[in-house]
file entry-v4.csv (CSV, C-alpha atoms and all ligand atoms)
chain,number,residue,atom,x,y,z
A,9,MET,CA,62.7,107.9,77.5
A,10,ARG,CA,62.3,110.6,80.2
A,11,ARG,CA,65.6,109.5,81.7
A,12,ILE,CA,67.4,109.7,78.4
A,13,SER,CA,66.1,113.2,77.6
A,14,ALA,CA,67.1,114.3,81.1
A,15,LEU,CA,70.6,112.9,80.4
A,16,ILE,CA,70.8,114.8,77.1
A,17,ILE,CA,69.8,118.1,78.8
A,18,ALA,CA,72.3,117.5,81.6
A,19,LEU,CA,75.1,116.8,79.1
A,20,MET,CA,74.2,119.9,77.1
A,21,LEU,CA,74.4,122.0,80.3
A,22,LEU,CA,77.7,120.4,81.3
A,23,ALA,CA,79.0,121.0,77.7
A,24,LEU,CA,78.7,124.7,78.4
A,25,LEU,CA,81.9,124.3,80.3
A,26,PRO,CA,84.8,124.5,77.9
A,27,ALA,CA,85.7,121.3,76.1
A,28,LEU,CA,87.7,118.5,77.6
A,29,ASN,CA,91.4,119.2,77.7
A,30,PRO,CA,92.6,115.7,76.9
A,31,ALA,CA,96.3,115.8,77.6
A,32,MET,CA,99.2,118.0,78.4
A,33,ALA,CA,101.2,119.4,75.5
A,34,ALA,CA,103.5,117.1,73.6
A,35,GLY,CA,106.9,116.7,75.3
A,36,SER,CA,105.6,117.6,78.8
A,37,ASN,CA,105.7,114.0,79.9
A,38,LEU,CA,107.0,110.6,78.9
A,39,SER,CA,104.1,109.5,76.7
A,40,GLY,CA,105.2,108.1,73.4
A,41,TYR,CA,108.3,106.5,74.8
A,42,THR,CA,108.8,102.8,75.4
A,43,ILE,CA,111.1,102.0,78.2
A,44,CYS,CA,112.4,98.6,79.2
A,45,VAL,CA,112.9,98.0,82.9
A,46,ASP,CA,115.1,95.0,83.7
A,47,ALA,CA,115.1,93.6,87.2
A,48,GLY,CA,118.4,91.7,87.5
A,49,HIS,CA,118.5,88.0,88.3
A,50,GLY,CA,115.4,86.1,89.6
A,51,GLY,CA,114.1,82.6,90.3
A,52,LYS,CA,117.0,80.1,90.6
A,53,ASP,CA,119.5,83.0,90.3
A,54,PRO,CA,119.5,85.0,93.5
A,55,GLY,CA,122.3,87.4,92.4
A,56,ALA,CA,124.4,88.7,95.2
A,57,VAL,CA,123.5,87.5,98.7
A,58,GLY,CA,124.3,89.5,101.8
A,59,TYR,CA,122.1,91.2,104.4
A,60,VAL,CA,119.4,91.1,101.7
A,61,VAL,CA,119.0,89.0,98.5
A,62,GLU,CA,119.7,90.9,95.4
A,63,LYS,CA,117.0,89.5,93.1
A,64,ASP,CA,114.3,90.6,95.6
A,65,VAL,CA,115.5,94.1,96.0
A,66,ASN,CA,116.0,94.4,92.2
A,67,LEU,CA,112.4,93.4,91.6
A,68,ALA,CA,111.0,95.7,94.3
A,69,ILE,CA,112.8,98.7,92.9
A,70,ALA,CA,112.1,97.8,89.2
A,71,LEU,CA,108.4,97.5,89.8
A,72,LYS,CA,108.3,100.9,91.4
A,73,VAL,CA,110.4,102.4,88.5
A,74,ALA,CA,107.9,100.9,86.1
A,75,HIS,CA,105.0,102.4,88.1
A,76,VAL,CA,106.3,105.9,88.1
A,77,LEU,CA,107.3,105.8,84.5
A,78,GLU,CA,103.8,104.6,83.6
A,79,MET,CA,102.3,107.3,85.7
A,80,ASP,CA,104.2,109.8,83.6
A,81,GLY,CA,102.8,108.3,80.4
A,82,ALA,CA,105.6,106.0,79.3
A,83,ASN,CA,104.9,102.6,77.9
A,84,VAL,CA,106.9,100.2,80.1
A,85,VAL,CA,108.2,96.7,79.2
A,86,LEU,CA,109.4,94.6,82.0
A,87,THR,CA,111.8,91.7,81.5
A,88,ARG,CA,110.3,90.0,84.5
A,89,ASP,CA,107.5,91.0,86.9
A,90,GLY,CA,107.9,88.2,89.5
A,91,ASP,CA,110.5,85.9,91.0
A,92,TYR,CA,111.4,83.8,88.0
A,93,PHE,CA,114.5,83.2,85.9
A,94,VAL,CA,115.0,84.9,82.6
A,95,THR,CA,118.3,84.4,80.6
A,96,LEU,CA,120.4,87.4,79.6
A,97,SER,CA,119.6,86.8,75.9
A,98,GLY,CA,115.9,86.5,76.8
A,99,ARG,CA,116.1,89.9,78.5
A,100,VAL,CA,117.8,91.5,75.4
A,101,GLN,CA,115.3,89.8,73.1
A,102,ILE,CA,112.4,91.3,75.1
A,103,ALA,CA,113.9,94.8,74.8
A,104,ASN,CA,114.9,94.6,71.2
A,105,SER,CA,111.6,93.0,70.0
A,106,ALA,CA,109.6,95.7,71.8
A,107,ASP,CA,111.8,98.3,70.0
A,108,CYS,CA,112.3,100.1,73.4
A,109,ASP,CA,113.8,103.6,73.3
A,110,ILE,CA,116.0,103.0,76.4
A,111,PHE,CA,116.9,100.0,78.6
A,112,ILE,CA,117.3,100.3,82.4
A,113,SER,CA,118.7,97.4,84.3
A,114,ILE,CA,118.4,97.3,88.1
A,115,HIS,CA,121.1,95.5,90.1
A,116,ALA,CA,122.7,95.6,93.6
A,117,ASN,CA,126.4,95.0,94.3
A,118,SER,CA,128.5,92.8,96.5
A,119,GLY,CA,132.0,93.3,97.8
A,120,PRO,CA,134.0,93.6,101.1
A,121,ASN,CA,132.0,95.0,104.0
A,122,SER,CA,133.5,98.4,103.6
A,123,ALA,CA,132.4,98.7,100.0
A,124,SER,CA,129.4,101.1,99.8
A,125,GLY,CA,127.5,103.2,97.4
A,126,PHE,CA,125.7,103.3,94.0
A,127,GLU,CA,127.1,103.5,90.5
A,128,VAL,CA,125.6,103.6,87.0
A,129,TYR,CA,127.1,101.7,84.0
A,130,HIS,CA,126.8,102.1,80.3
A,131,TYR,CA,128.4,100.2,77.4
A,132,TYR,CA,132.0,101.1,76.4
A,133,GLY,CA,132.0,104.3,74.4
A,134,SER,CA,128.2,104.7,74.2
A,135,TYR,CA,127.6,108.4,73.8
A,136,LYS,CA,123.8,108.2,74.5
A,137,GLY,CA,124.3,105.6,77.2
A,138,ASN,CA,126.7,108.0,78.9
A,139,ILE,CA,124.2,110.8,78.9
A,140,LEU,CA,121.5,108.7,80.3
A,141,ALA,CA,123.8,107.2,82.9
A,142,THR,CA,125.0,110.6,83.9
A,143,TYR,CA,121.5,112.1,84.4
A,144,VAL,CA,120.3,109.0,86.4
A,145,ASP,CA,123.5,109.0,88.5
A,146,GLN,CA,123.0,112.8,89.3
A,147,GLU,CA,119.4,112.3,90.2
A,148,ILE,CA,120.0,109.3,92.5
A,149,ASP,CA,122.7,111.4,94.1
A,150,LYS,CA,120.0,114.0,95.0
A,151,LEU,CA,117.6,111.5,96.7
A,152,ILE,CA,119.7,108.6,98.1
A,153,PRO,CA,122.1,109.1,101.0
A,154,LEU,CA,124.7,106.7,99.7
A,155,ARG,CA,128.2,107.4,98.3
A,156,ASN,CA,128.1,108.2,94.6
A,157,ARG,CA,130.6,105.9,92.9
A,158,GLY,CA,130.0,107.6,89.6
A,159,VAL,CA,129.3,106.7,86.0
A,160,LYS,CA,131.3,103.7,84.7
A,161,GLU,CA,131.7,101.7,81.5
A,162,ALA,CA,131.4,98.0,81.2
A,163,GLY,CA,130.7,95.3,78.6
A,164,TYR,CA,127.8,93.6,80.4
A,165,TYR,CA,125.7,91.4,78.2
A,166,VAL,CA,122.5,93.4,78.5
A,167,LEU,CA,124.4,96.7,77.7
A,168,LYS,CA,126.2,95.2,74.8
A,169,TYR,CA,123.4,93.4,72.9
A,170,THR,CA,120.5,95.8,73.4
A,171,HIS,CA,119.9,98.0,70.4
A,172,MET,CA,119.0,101.1,72.4
A,173,PRO,CA,120.8,103.3,74.9
A,174,ALA,CA,121.2,101.1,77.9
A,175,ILE,CA,122.3,101.6,81.5
A,176,LEU,CA,122.8,99.2,84.5
A,177,ILE,CA,122.3,100.7,88.0
A,178,GLU,CA,124.1,99.1,91.0
A,179,THR,CA,121.8,100.6,93.6
A,180,GLY,CA,124.0,99.7,96.6
A,181,PHE,CA,125.8,96.8,98.3
A,182,VAL,CA,123.9,93.9,99.7
A,183,THR,CA,127.0,93.1,101.6
A,184,ASN,CA,127.0,96.4,103.5
A,185,SER,CA,124.5,96.6,106.3
A,186,TYR,CA,123.9,100.4,105.8
A,187,ASP,CA,123.4,100.0,102.1
A,188,ALA,CA,121.2,96.9,102.5
A,189,GLY,CA,119.0,98.9,104.9
A,190,ILE,CA,118.6,101.6,102.2
A,191,ILE,CA,117.9,99.5,99.2
A,192,SER,CA,115.4,97.2,101.0
A,193,ASP,CA,113.5,100.1,102.5
A,194,GLU,CA,110.3,100.7,100.7
A,195,SER,CA,110.3,104.5,101.0
A,196,TYR,CA,113.9,104.6,99.7
A,197,GLN,CA,112.9,102.3,96.9
A,198,TRP,CA,110.3,104.9,95.8
A,199,LYS,CA,113.1,107.5,95.9
A,200,TYR,CA,115.2,105.4,93.6
A,201,ALA,CA,112.1,105.2,91.3
A,202,TYR,CA,111.6,108.9,91.3
A,203,ALA,CA,115.3,109.6,90.8
A,204,ILE,CA,115.4,107.3,87.8
A,205,LEU,CA,112.2,108.9,86.5
A,206,HIS,CA,113.8,112.3,86.7
A,207,GLY,CA,117.0,111.1,85.0
A,208,VAL,CA,114.8,109.7,82.2
A,209,GLN,CA,112.8,112.9,81.9
A,210,ARG,CA,116.1,114.9,81.5
A,211,TYR,CA,117.3,112.4,78.9
A,212,PHE,CA,114.2,112.9,76.8
A,213,GLY,CA,114.2,116.7,77.3
A,214,VAL,CA,111.0,116.5,79.4
A,215,PRO,CA,110.8,119.0,82.3
A,216,VAL,CA,111.7,117.2,85.5
A,217,HIS,CA,108.5,116.7,87.5
A,218,ASP,CA,106.7,114.1,89.5
A,219,PRO,CA,103.6,112.6,87.7
A,220,VAL,CA,100.4,114.3,88.5
A,221,PRO,CA,97.8,112.3,90.5
A,222,THR,CA,95.6,110.3,88.2
A,223,VAL,CA,92.0,109.2,88.8
A,224,GLU,CA,92.4,105.6,87.7
A,225,LYS,CA,88.9,104.3,88.4
A,226,VAL,CA,85.5,105.5,89.5
A,227,ARG,CA,83.5,102.9,91.4
A,228,PHE,CA,80.1,103.2,93.0
A,229,ALA,CA,77.6,101.2,95.0
A,230,ASP,CA,74.1,101.8,96.3
A,231,HIS,CA,73.9,100.7,100.0
A,232,GLY,CA,70.2,101.5,100.4
A,233,ASN,CA,70.4,104.4,102.8
A,234,TYR,CA,73.5,105.8,101.2
A,235,PHE,CA,75.3,105.8,97.8
A,236,ARG,CA,79.1,105.4,97.8
A,237,VAL,CA,81.5,106.8,95.1
A,238,VAL,CA,85.1,105.6,95.3
A,239,LEU,CA,87.8,107.3,93.3
A,240,ASP,CA,91.0,105.1,93.0
A,241,MET,CA,93.9,107.5,92.8
A,242,SER,CA,97.5,106.8,91.7
A,243,LYS,CA,98.7,109.1,94.5
A,244,SER,CA,97.1,111.5,97.0
A,245,ALA,CA,95.6,114.7,95.8
A,246,ASN,CA,93.8,117.8,97.1
A,247,TYR,CA,90.1,117.7,96.5
A,248,HIS,CA,86.9,119.6,97.3
A,249,VAL,CA,83.3,118.4,97.4
A,250,TYR,CA,80.4,120.9,96.7
A,251,TYR,CA,77.0,121.2,95.3
A,252,THR,CA,76.1,123.0,92.1
A,253,SER,CA,72.6,123.4,90.8
A,254,TYR,CA,71.5,123.2,87.1
A,255,SER,CA,68.0,123.9,86.0
A,256,ASN,CA,67.4,120.2,85.6
A,257,GLY,CA,68.6,119.1,89.0
A,258,HIS,CA,71.3,119.1,91.6
A,259,HIS,CA,74.8,117.9,91.2
A,260,LEU,CA,77.4,117.0,93.8
A,261,VAL,CA,80.9,117.8,92.4
A,262,ILE,CA,84.1,116.1,93.5
A,263,GLN,CA,86.9,118.4,92.2
A,264,ILE,CA,90.4,117.0,92.3
A,265,ASP,CA,93.0,119.7,91.9
A,266,ASN,CA,96.0,119.3,89.6
A,267,ALA,CA,95.0,115.8,88.5
A,268,GLN,CA,94.3,113.8,85.4
A,269,LEU,CA,91.8,111.2,84.4
A,270,THR,CA,92.4,107.9,82.7
A,271,ASP,CA,90.0,106.3,80.3
A,272,LEU,CA,87.1,105.2,82.5
A,273,GLY,CA,85.7,102.9,79.9
A,274,TRP,CA,82.3,104.7,80.0
A,275,PRO,CA,80.5,106.3,77.1
A,276,VAL,CA,81.8,109.9,76.2
A,277,TYR,CA,79.7,112.8,75.2
A,278,ASN,CA,81.3,116.2,74.4
A,279,GLY,CA,84.4,115.3,76.5
A,280,TRP,CA,82.3,114.0,79.4
A,281,TYR,CA,82.3,110.4,80.5
A,282,TYR,CA,78.9,109.4,81.9
A,283,THR,CA,77.3,106.3,83.3
A,284,TYR,CA,74.0,105.3,84.7
A,285,THR,CA,74.3,103.9,88.2
A,286,GLY,CA,70.8,102.3,88.6
A,287,SER,CA,70.5,104.1,92.0
A,288,SER,CA,67.6,106.4,92.8
A,289,ILE,CA,69.9,108.4,95.1
A,290,ALA,CA,72.4,109.3,92.4
A,291,PRO,CA,71.2,108.1,89.0
A,292,ILE,CA,74.1,109.4,86.8
A,293,ILE,CA,77.8,110.1,87.2
A,294,TYR,CA,79.8,112.3,84.9
A,295,ALA,CA,83.6,112.8,84.8
A,296,THR,CA,85.9,115.1,82.9
A,297,GLU,CA,89.3,116.8,83.0
A,298,TYR,CA,89.4,120.5,82.6
A,299,GLY,CA,92.0,123.2,83.4
A,300,GLY,CA,94.3,120.7,84.9
A,301,ASN,CA,91.6,119.5,87.4
A,302,VAL,CA,89.3,116.5,87.4
A,303,PHE,CA,85.6,116.9,87.9
A,304,ILE,CA,83.4,114.1,89.0
A,305,VAL,CA,79.8,115.3,88.8
A,306,ILE,CA,77.1,113.2,90.5
A,307,GLU,CA,73.5,113.9,89.6
A,308,VAL,CA,71.5,113.5,92.9
A,309,ASN,CA,67.7,113.3,93.1
A,310,THR,CA,67.3,115.1,96.5
A,311,ALA,CA,68.4,118.7,96.6
A,312,TYR,CA,71.5,119.1,98.7
A,313,ALA,CA,71.5,115.6,100.0
A,314,PRO,CA,73.8,115.2,103.0
A,315,TYR,CA,77.2,113.6,102.2
A,316,SER,CA,80.4,112.7,103.9
A,317,ASP,CA,83.8,112.5,102.3
A,318,PHE,CA,87.1,111.0,103.4
A,319,THR,CA,90.2,109.4,102.0
A,320,LEU,CA,91.7,106.0,102.4
A,321,SER,CA,95.4,105.6,101.6
A,322,ASN,CA,97.6,102.9,100.2
A,323,PRO,CA,96.3,103.0,97.6
A,324,ASP,CA,95.0,106.6,97.8
A,325,ARG,CA,91.2,106.6,97.6
A,326,ILE,CA,88.7,109.4,97.8
A,327,VAL,CA,85.4,108.1,99.2
A,328,VAL,CA,82.1,110.1,99.1
A,329,ASP,CA,78.9,108.8,100.7
A,330,ILE,CA,75.7,110.5,99.7
A,331,TYR,CA,72.7,109.9,102.0
A,332,SER,CA,69.2,109.6,100.8
A,401,ZN,ZN,123.3,91.7,89.8
call {"tool": "encode", "arguments": {"input": "entry-v4.csv", "output": "structure tokens"}}
result
Amino acid sequence: MRRISALIIALMLLALLPALNPAMAAGSNLSGYTICVDAGHGGKDPGAVGYVVEKDVNLAIALKVAHVLEMDGANVVLTRDGDYFVTLSGRVQIANSADCDIFISIHANSGPNSASGFEVYHYYGSYKGNILATYVDQEIDKLIPLRNRGVKEAGYYVLKYTHMPAILIETGFVTNSYDAGIISDESYQWKYAYAILHGVQRYFGVPVHDPVPTVEKVRFADHGNYFRVVLDMSKSANYHVYYTSYSNGHHLVIQIDNAQLTDLGWPVYNGWYYTYTGSSIAPIIYATEYGGNVFIVIEVNTAYAPYSDFTLSNPDRIVVDIYS
């Protein structure tokens, strides 16, 4: 009972901070949109084969596109998420039955060795498809050092039979060694993903931006002589660690600047997530998002207990160890 009343007091004190700011204003990111991302070919169908195999590059880029779209709040539907075969009609069915707002197909080209560059297709005469294709083409042009072959029209099956504005991106030529080096390079694949994200943001009238870092999970473990808190981040972020004192105890704060918090699956009180840890070093952890920053507040039993903090990358993780 004593622990519960301490919790309530702590939560009341924390509640003196302004209330949780749950999300950015409507229209500031891609939340509310469902986007189908289609990695061309797969399984028994390798697509074009040259210096690299098309199906592999398509999937690697498509998964990164899906990741950044989701980071910006979009609901993403993938037609495949591994190396397996999906028919063209199967792909269309996935997009149509999910009632996607737009359809983005990722392919790579083949041709004579001298052929090089990227191009973006939409269906013949599609007005919205042309707008989406134009924005995505312009954004790829900014980030990818390949020749821009422009926006083109075609009657490809997935462009024709999907019920929503649809584009098909030929990212580069697998038959050209320079192109193949770009499209199979992981850092360039992320650039394709961000370029496509920016094109999609423009299409939906959302300000072009990269998604803010998200605290995706808060994990903890008591190691006896120290208590470890691990924040799993979607990307790296600036953070500070400091102590604050409330009348009821001491709190170690991990402040992550310009970041957002996903649903931690913990109980919520007045906009604060909280969980008991079972540890005597740090019995309760609270978390909230306020003023565009994330606050992880760790109640500690020893005043100003020593701690160390560091980051681990890929994926980005913030680790704080609190010593007893
Ligand atoms: Zn293809």
call {"tool": "residues_near_ligand", "arguments": {"input": "entry-v4.csv", "ligand": "ligand ZN 401 (chain A)", "cutoff": "6 Å", "atoms": "all atoms listed in the file", "output": "list in words"}}
result
Gly48, Gly55, His115 and Ala116 of chain A
call {"tool": "closest_residue", "arguments": {"input": "entry-v4.csv", "among": "A:Ile306, A:Asp230, A:Ile139, A:Asn278", "to": "Phe212 in chain A", "atoms": "all atoms listed in the file"}}
result
A:Ile139
call {"tool": "closest_residue", "arguments": {"input": "entry-v4.csv", "among": "A:Asn266, A:Asp187, A:Asp329, A:Ile43", "to": "Ala82 in chain A", "atoms": "all atoms listed in the file"}}
result
A:Ile43
call {"tool": "closest_residue", "arguments": {"input": "entry-v4.csv", "among": "A:Arg157, A:His171, A:Glu194, A:Leu38", "to": "Gly213 in chain A", "atoms": "all atoms listed in the file"}}
result
A:Leu38
call {"tool": "residues_near_point", "arguments": {"input": "entry-v4.csv", "point": "(130.3, 86.1, 95.4)", "cutoff": "8 Å", "atoms": "all atoms listed in the file", "output": "VMD selection string"}}
result
chain A and resid 56 to 57 118 to 119
call {"tool": "residues_around", "arguments": {"input": "entry-v4.csv", "residues": "Ala141 in chain A", "least_positions_apart": "2", "cutoff": "7 Å", "atoms": "all atoms listed in the file", "output": "number ranges by chain"}}
result
A: 128-130, 137-139, 143-145, 159, 175
call {"tool": "write_last_selection", "arguments": {"input": "entry-v4.csv", "atoms": "C-alpha atoms", "output": "PDB file, in the frame of the given file"}}
result
ATOM      1  CA  VAL A 128     125.600 103.600  87.000  1.00  0.00           C
ATOM      2  CA  TYR A 129     127.100 101.700  84.000  1.00  0.00           C
ATOM      3  CA  HIS A 130     126.800 102.100  80.300  1.00  0.00           C
ATOM      4  CA  GLY A 137     124.300 105.600  77.200  1.00  0.00           C
ATOM      5  CA  ASN A 138     126.700 108.000  78.900  1.00  0.00           C
ATOM      6  CA  ILE A 139     124.200 110.800  78.900  1.00  0.00           C
ATOM      7  CA  TYR A 143     121.500 112.100  84.400  1.00  0.00           C
ATOM      8  CA  VAL A 144     120.300 109.000  86.400  1.00  0.00           C
ATOM      9  CA  ASP A 145     123.500 109.000  88.500  1.00  0.00           C
ATOM     10  CA  VAL A 159     129.300 106.700  86.000  1.00  0.00           C
ATOM     11  CA  ILE A 175     122.300 101.600  81.500  1.00  0.00           C
TER      12      ILE A 175
END
call {"tool": "closest_residue", "arguments": {"input": "entry-v4.csv", "among": "A:Tyr312, A:Tyr169, A:Tyr196, A:Tyr284", "to": "Val73 in chain A", "atoms": "only C-alpha atoms"}}
result
A:Tyr196
call {"tool": "closest_residue", "arguments": {"input": "entry-v4.csv", "among": "A:Arg236, A:Lys136, A:Arg155, A:Lys52", "to": "Asp109 in chain A", "atoms": "only C-alpha atoms"}}
result
A:Lys136
call {"tool": "build_atoms", "arguments": {"input": "entry-v4.csv", "residues": "range 293-316 of chain A", "atoms": "N, CA and C atoms", "output": "short mmCIF file (atom, residue, chain, number, x, y, z; two decimals), keeping the file's coordinate frame"}}
result
data_model
loop_
_atom_site.label_atom_id
_atom_site.label_comp_id
_atom_site.auth_asym_id
_atom_site.auth_seq_id
_atom_site.Cartn_x
_atom_site.Cartn_y
_atom_site.Cartn_z
N ILE A 293 76.48 109.54 86.89
CA ILE A 293 77.80 110.10 87.20
C ILE A 293 78.47 110.58 85.96
N TYR A 294 79.01 111.80 85.97
CA TYR A 294 79.80 112.30 84.90
C TYR A 294 81.22 112.57 85.34
N ALA A 295 82.16 112.55 84.40
CA ALA A 295 83.60 112.80 84.80
C ALA A 295 84.26 113.49 83.62
N THR A 296 85.09 114.48 83.94
CA THR A 296 85.90 115.10 82.90
C THR A 296 87.15 115.71 83.51
N GLU A 297 88.05 116.11 82.60
CA GLU A 297 89.30 116.80 83.00
C GLU A 297 89.24 118.15 82.36
N TYR A 298 89.43 119.17 83.18
CA TYR A 298 89.40 120.50 82.60
C TYR A 298 90.32 121.43 83.42
N GLY A 299 91.13 122.21 82.71
CA GLY A 299 92.00 123.20 83.40
C GLY A 299 92.98 122.57 84.33
N GLY A 300 93.37 121.33 84.07
CA GLY A 300 94.30 120.70 84.90
C GLY A 300 93.69 120.05 86.17
N ASN A 301 92.35 120.14 86.27
CA ASN A 301 91.60 119.50 87.40
C ASN A 301 90.71 118.43 86.86
N VAL A 302 90.33 117.52 87.74
CA VAL A 302 89.30 116.50 87.40
C VAL A 302 88.04 116.82 88.09
N PHE A 303 86.94 116.70 87.37
CA PHE A 303 85.60 116.90 87.90
C PHE A 303 84.80 115.65 87.84
N ILE A 304 84.34 115.16 88.97
CA ILE A 304 83.40 114.10 89.00
C ILE A 304 82.08 114.67 89.45
N VAL A 305 81.10 114.62 88.57
CA VAL A 305 79.80 115.30 88.80
C VAL A 305 78.75 114.21 89.02
N ILE A 306 78.11 114.22 90.18
CA ILE A 306 77.10 113.20 90.50
C ILE A 306 75.75 113.82 90.55
N GLU A 307 74.89 113.37 89.63
CA GLU A 307 73.50 113.90 89.60
C GLU A 307 72.77 113.26 90.81
N VAL A 308 72.20 114.08 91.69
CA VAL A 308 71.50 113.50 92.90
C VAL A 308 70.01 113.95 92.78
N ASN A 309 69.16 113.07 93.24
CA ASN A 309 67.70 113.30 93.10
C ASN A 309 67.15 114.17 94.21
N THR A 310 67.81 114.24 95.35
CA THR A 310 67.30 115.10 96.50
C THR A 310 68.22 116.31 96.52
N ALA A 311 67.59 117.47 96.60
CA ALA A 311 68.40 118.70 96.60
C ALA A 311 69.28 118.71 97.86
N TYR A 312 70.54 118.98 97.63
CA TYR A 312 71.50 119.10 98.70
C TYR A 312 71.46 117.95 99.69
N ALA A 313 71.44 116.76 99.16
CA ALA A 313 71.50 115.60 100.00
C ALA A 313 72.74 115.60 100.88
N PRO A 314 72.61 115.23 102.13
CA PRO A 314 73.80 115.20 103.00
C PRO A 314 74.85 114.21 102.45
N TYR A 315 76.09 114.55 102.66
CA TYR A 315 77.20 113.60 102.20
C TYR A 315 78.30 113.68 103.23
N SER A 316 79.15 112.70 103.16
CA SER A 316 80.40 112.70 103.90
C SER A 316 81.52 112.31 102.97
#
